[in-house]
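Participant: Have a look at this one before I ask anything.
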Amino acid sequence: MVEEIKKHLEESLIPFWKNLKDEEYGGYYGYLDYQLKLDKKAVKGCILNSRILWFFSNAFMVLKDESLLKEADHAFRFMKERCMDRECGGVYWSLTYDGQPEDSTKHTYNQAFAIYALSSYYDASGNQEALDMAWDLYHIIETKCRDEQGYLEAFDRNFQPEDNDKLSENGVMADRTMNTLLHVLEAYTELYRVTKDERVGSNLRFMLDVVADKIYNPVLRRQEVFFDSEYHTLLDLHSYGHDIETAWLVDRCIDVLNDDAYRAKITPITMALTDQIYKTAFTGRNLSNECEKGKVDTNCVWWVQAEAIVGFINGYQHDSSRTEYLQAAASIWEFIKEFIIDKRNGSEWFWLVDRDGTPYPDKPIVEPWKCPYHNGRMCMEVIRRNIDA
């Protein structure tokens, strides 16, 4: 499986995203529809650009191909020159095709992904300016995007709070979300990895406590998803993809921190999350999407399948007796190969297929949320971990 996935990264994912480079206005084109029609004047999401910067930076570090660092350089220039708000600070939500602010919302989630990308790019390139930008965003999050209880969500351009419509779903409006917390933790893990700054280490321990004490539901062995300001859950929702993603990202955070006390506190939670997802969401060949109020959505989302592979391999690495996790990872990869990878020339992965593998033609191949971050990262994690299923 390792060599097969490495080949897919090198021969499919990387060439696809290289071909979306916008040489005229910078960054990468923001929309490719299901019929593979490229819209060169579509909105460019800053999250998409951050994820592309992260992807090429890490692909360079894994594969040592200098062309990948040049792609990362291109994405970094666009972030520096267009995505950053030089007047008010922070990263915009989205830009027009030619790099003008399209949505000036400042969302904590978006600031975090920029830190994640800039930290990796600094590691790949040695560019001190990238690390300085990451620190600027860190200070913005810590001074403008949090309170004593944790991280907040959406703000206007001047960092005045506004409704969190971008990270709320399923009919609720959340003051706090598991998703934003997870990706601040992910971003700070990467910043800590490249700096070993204990301020960031302290923030990570704080977030691990929030995961353990506020987000994780020990009775249901799942994370709650949407919260009011006091961490009261707003919806009976089990997000299968986020739980398996959290399990391995939190384990990685603890490995980077190298903190035995937190390893003892958190590892039982990540192992319980992995076990629960295996028992409730794995169908034998793919992972269902979520369960809301007892009703399971059996559709297969591209990123959920990718995160499940990493999550199950991670679970096996923590407990080698759980060979069924390796078998699950292998089965999901077979499903991805057969049904989620779009075999048409000039395409990548389908966004969404039903449980039997039929794609939904109303979902694009690329848009502000559809990126090389989940599937590209899965490939690189499999290569790095070198565990054949």
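Letters A, B, ... go to the chains of the structure tokens in the order shown; residues in each chain start at 1; ligands are counted from 1 in the same order.
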Among stretch 1-129 of chain A, which residues does DSSP mark as strand (DSSP E) when it is run on the backbone? Keep the chain and numbering as in the structure and answer as a list in words.
Facilitator: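 Strand (DSSP E) assignments inside stretch 1-129 of chain A correspond to Lys44, Gly45, Ser94, Leu95, Pro101, Glu102, Asp103, Lys106 and His107 of chain A.
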Participant: Generate the output file for the selected residues, C-alpha atoms, as a CSV table (one decimal), in the first residue's frame.
Facilitator:
```csv
chain,number,residue,atom,x,y,z
A,44,LYS,CA,-9.9,32.2,-4.2
A,45,GLY,CA,-10.4,31.0,-0.7
A,94,SER,CA,-11.5,35.0,0.5
A,95,LEU,CA,-10.3,37.0,-2.4
A,101,PRO,CA,-10.6,41.1,-0.7
A,102,GLU,CA,-13.9,39.4,-1.4
A,103,ASP,CA,-14.9,38.5,2.1
A,106,LYS,CA,-11.5,37.1,10.1
A,107,HIS,CA,-12.1,33.6,11.3
```
Participant: Write out as a list in words which residues come within 10 Å of A:Val250 when counting only C-alpha atoms, dropping same-chain ones fewer than 5 positions away.
Facilitator: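 Those residues are Leu182, Leu185, Glu186, Thr189, Leu204, Met207, Leu208, Val211, Glu245, Asp255, Val256, Arg263, Ile266, Thr267, Ile269 and Thr270 of chain A.
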Participant: Can you list every residue of stretch 156-245 of chain A that has an atom at most 8 Å from stretch 116-126 of chain A, with its nearest atom pair and the distance in Å to one decimal, using only C-alpha atoms, ordered by chain then number, as JSON lines?
Facilitator:
```
{"residue": "A:Glu186", "atom": "CA", "partner": "A:Tyr116", "partner_atom": "CA", "distance": 7.1}
{"residue": "A:Ala187", "atom": "CA", "partner": "A:Tyr116", "partner_atom": "CA", "distance": 4.2}
{"residue": "A:Tyr188", "atom": "CA", "partner": "A:Tyr116", "partner_atom": "CA", "distance": 7.2}
{"residue": "A:Glu190", "atom": "CA", "partner": "A:Tyr116", "partner_atom": "CA", "distance": 6.0}
{"residue": "A:Leu191", "atom": "CA", "partner": "A:Ser119", "partner_atom": "CA", "distance": 5.4}
{"residue": "A:Val194", "atom": "CA", "partner": "A:Asp123", "partner_atom": "CA", "distance": 6.7}
```
Participant: Env of A:Phe282: 12 Å cut, atoms = only C-alpha atoms, seq-sep filter 6 positions within chain, self excluded. Answer as a PyMOL selection string.
Facilitator: chain A and resi 240-241+244+274-276+288-290+296+298-300+304-305+308-309+311-312+324-325+327-329+331-332+355
Participant: List the neighbours of stretch 15-26 of chain A out to 10 Å using only C-alpha atoms; skip same-chain residues closer than 5 positions along the sequence, and give me the result as a compact mmCIF listing (two decimals) with N, CA, C and O atoms, in the first residue's frame.
Facilitator:
```
# COMPACT_ATOMS: atom_id res chain seq x y z
N LEU A 9 0.49 9.97 -5.06
CA LEU A 9 0.88 11.33 -4.71
C LEU A 9 1.74 11.94 -5.82
O LEU A 9 1.48 13.08 -6.26
N GLU A 10 2.73 11.21 -6.27
CA GLU A 10 3.69 11.75 -7.23
C GLU A 10 3.11 11.89 -8.63
O GLU A 10 3.40 12.87 -9.33
N TYR A 31 -11.70 27.13 -8.56
CA TYR A 31 -12.92 26.35 -8.81
C TYR A 31 -12.79 25.53 -10.09
O TYR A 31 -12.46 26.05 -11.16
N LEU A 32 -13.03 24.23 -9.94
CA LEU A 32 -13.14 23.31 -11.08
C LEU A 32 -14.40 22.49 -10.85
O LEU A 32 -14.53 21.79 -9.84
N LEU A 38 -12.82 24.66 -15.76
CA LEU A 38 -12.08 25.55 -14.86
C LEU A 38 -12.63 26.96 -14.94
O LEU A 38 -12.80 27.51 -16.03
N LYS A 40 -11.55 30.46 -14.14
CA LYS A 40 -10.37 31.26 -13.78
C LYS A 40 -10.74 32.54 -13.04
O LYS A 40 -9.86 33.21 -12.50
N ILE A 52 -2.82 24.64 0.19
CA ILE A 52 -1.91 24.35 -0.93
C ILE A 52 -0.47 24.66 -0.52
O ILE A 52 0.45 23.91 -0.84
N PHE A 55 0.61 21.85 1.60
CA PHE A 55 0.77 20.64 0.80
C PHE A 55 2.12 20.63 0.08
O PHE A 55 2.88 19.65 0.18
N PHE A 56 2.43 21.68 -0.63
CA PHE A 56 3.68 21.68 -1.40
C PHE A 56 4.89 21.75 -0.48
O PHE A 56 5.93 21.14 -0.78
N SER A 67 11.10 21.15 -7.45
CA SER A 67 9.97 21.80 -8.11
C SER A 67 8.82 22.03 -7.13
O SER A 67 8.03 22.97 -7.30
N LEU A 68 8.74 21.21 -6.11
CA LEU A 68 7.68 21.35 -5.12
C LEU A 68 7.92 22.56 -4.22
O LEU A 68 6.98 23.25 -3.82
N GLU A 71 6.71 25.56 -6.05
CA GLU A 71 5.26 25.72 -5.93
C GLU A 71 4.91 26.35 -4.57
O GLU A 71 4.04 27.23 -4.50
N HIS A 74 5.51 30.00 -4.62
CA HIS A 74 4.44 30.69 -5.33
C HIS A 74 3.24 30.91 -4.40
O HIS A 74 2.67 32.01 -4.35
N ALA A 75 2.85 29.87 -3.67
CA ALA A 75 1.73 29.99 -2.74
C ALA A 75 2.06 30.97 -1.62
O ALA A 75 1.19 31.74 -1.17
N PHE A 76 3.30 30.97 -1.15
CA PHE A 76 3.69 31.89 -0.08
C PHE A 76 3.60 33.34 -0.53
O PHE A 76 3.12 34.21 0.21
N ARG A 77 4.05 33.62 -1.74
CA ARG A 77 3.98 35.00 -2.23
C ARG A 77 2.54 35.49 -2.26
O ARG A 77 2.24 36.63 -1.91
N PHE A 78 1.63 34.63 -2.69
CA PHE A 78 0.23 35.02 -2.74
C PHE A 78 -0.32 35.27 -1.34
O PHE A 78 -1.07 36.23 -1.12
N MET A 79 0.05 34.42 -0.40
CA MET A 79 -0.39 34.64 0.97
C MET A 79 0.15 35.97 1.50
O MET A 79 -0.60 36.77 2.08
N GLU A 81 1.31 38.65 -0.13
CA GLU A 81 0.93 39.86 -0.85
C GLU A 81 -0.58 40.09 -0.91
O GLU A 81 -1.01 41.24 -1.05
N ARG A 82 -1.38 39.02 -0.79
CA ARG A 82 -2.82 39.17 -1.02
C ARG A 82 -3.69 38.70 0.15
O ARG A 82 -4.68 39.36 0.48
N THR A 96 -11.03 37.89 -4.52
CA THR A 96 -11.45 37.78 -5.91
C THR A 96 -10.35 37.08 -6.70
O THR A 96 -9.23 36.89 -6.22
N TYR A 97 -10.67 36.71 -7.92
CA TYR A 97 -9.71 35.97 -8.74
C TYR A 97 -8.40 36.73 -8.93
O TYR A 97 -7.33 36.13 -9.09
N ASP A 98 -8.48 38.09 -8.89
CA ASP A 98 -7.28 38.89 -9.11
C ASP A 98 -6.67 39.41 -7.80
O ASP A 98 -5.85 40.32 -7.81
N GLY A 99 -7.11 38.82 -6.68
CA GLY A 99 -6.42 39.06 -5.43
C GLY A 99 -6.91 40.20 -4.58
O GLY A 99 -6.20 40.64 -3.67
N ASN A 345 -9.25 12.17 -17.19
CA ASN A 345 -8.03 12.96 -17.38
C ASN A 345 -8.25 14.39 -16.91
O ASN A 345 -9.25 15.02 -17.25
N GLY A 346 -7.33 14.90 -16.10
CA GLY A 346 -7.42 16.26 -15.61
C GLY A 346 -8.26 16.42 -14.36
O GLY A 346 -8.64 17.54 -14.02
N SER A 347 -8.53 15.32 -13.66
CA SER A 347 -9.32 15.41 -12.43
C SER A 347 -8.51 14.90 -11.25
O SER A 347 -7.32 14.55 -11.36
N GLU A 348 -9.17 14.85 -10.08
CA GLU A 348 -8.50 14.45 -8.85
C GLU A 348 -9.41 13.47 -8.11
O GLU A 348 -9.63 12.38 -8.58
N VAL A 366 -12.83 21.06 -7.34
CA VAL A 366 -12.06 22.05 -6.58
C VAL A 366 -12.98 23.20 -6.22
O VAL A 366 -13.76 23.66 -7.06
N CYS A 371 -9.47 20.58 -1.47
CA CYS A 371 -8.06 20.96 -1.53
C CYS A 371 -7.18 19.72 -1.46
O CYS A 371 -7.68 18.61 -1.27
N PRO A 372 -5.86 19.87 -1.54
CA PRO A 372 -4.96 18.71 -1.43
C PRO A 372 -4.50 18.42 -0.01
O PRO A 372 -3.54 17.66 0.19
```
Participant: Using only C-alpha atoms, can you tell me which of A:Val210, A:Ala281, A:Ala272, A:Leu131 comes closest to A:Ser239?
Facilitator: A:Ala281
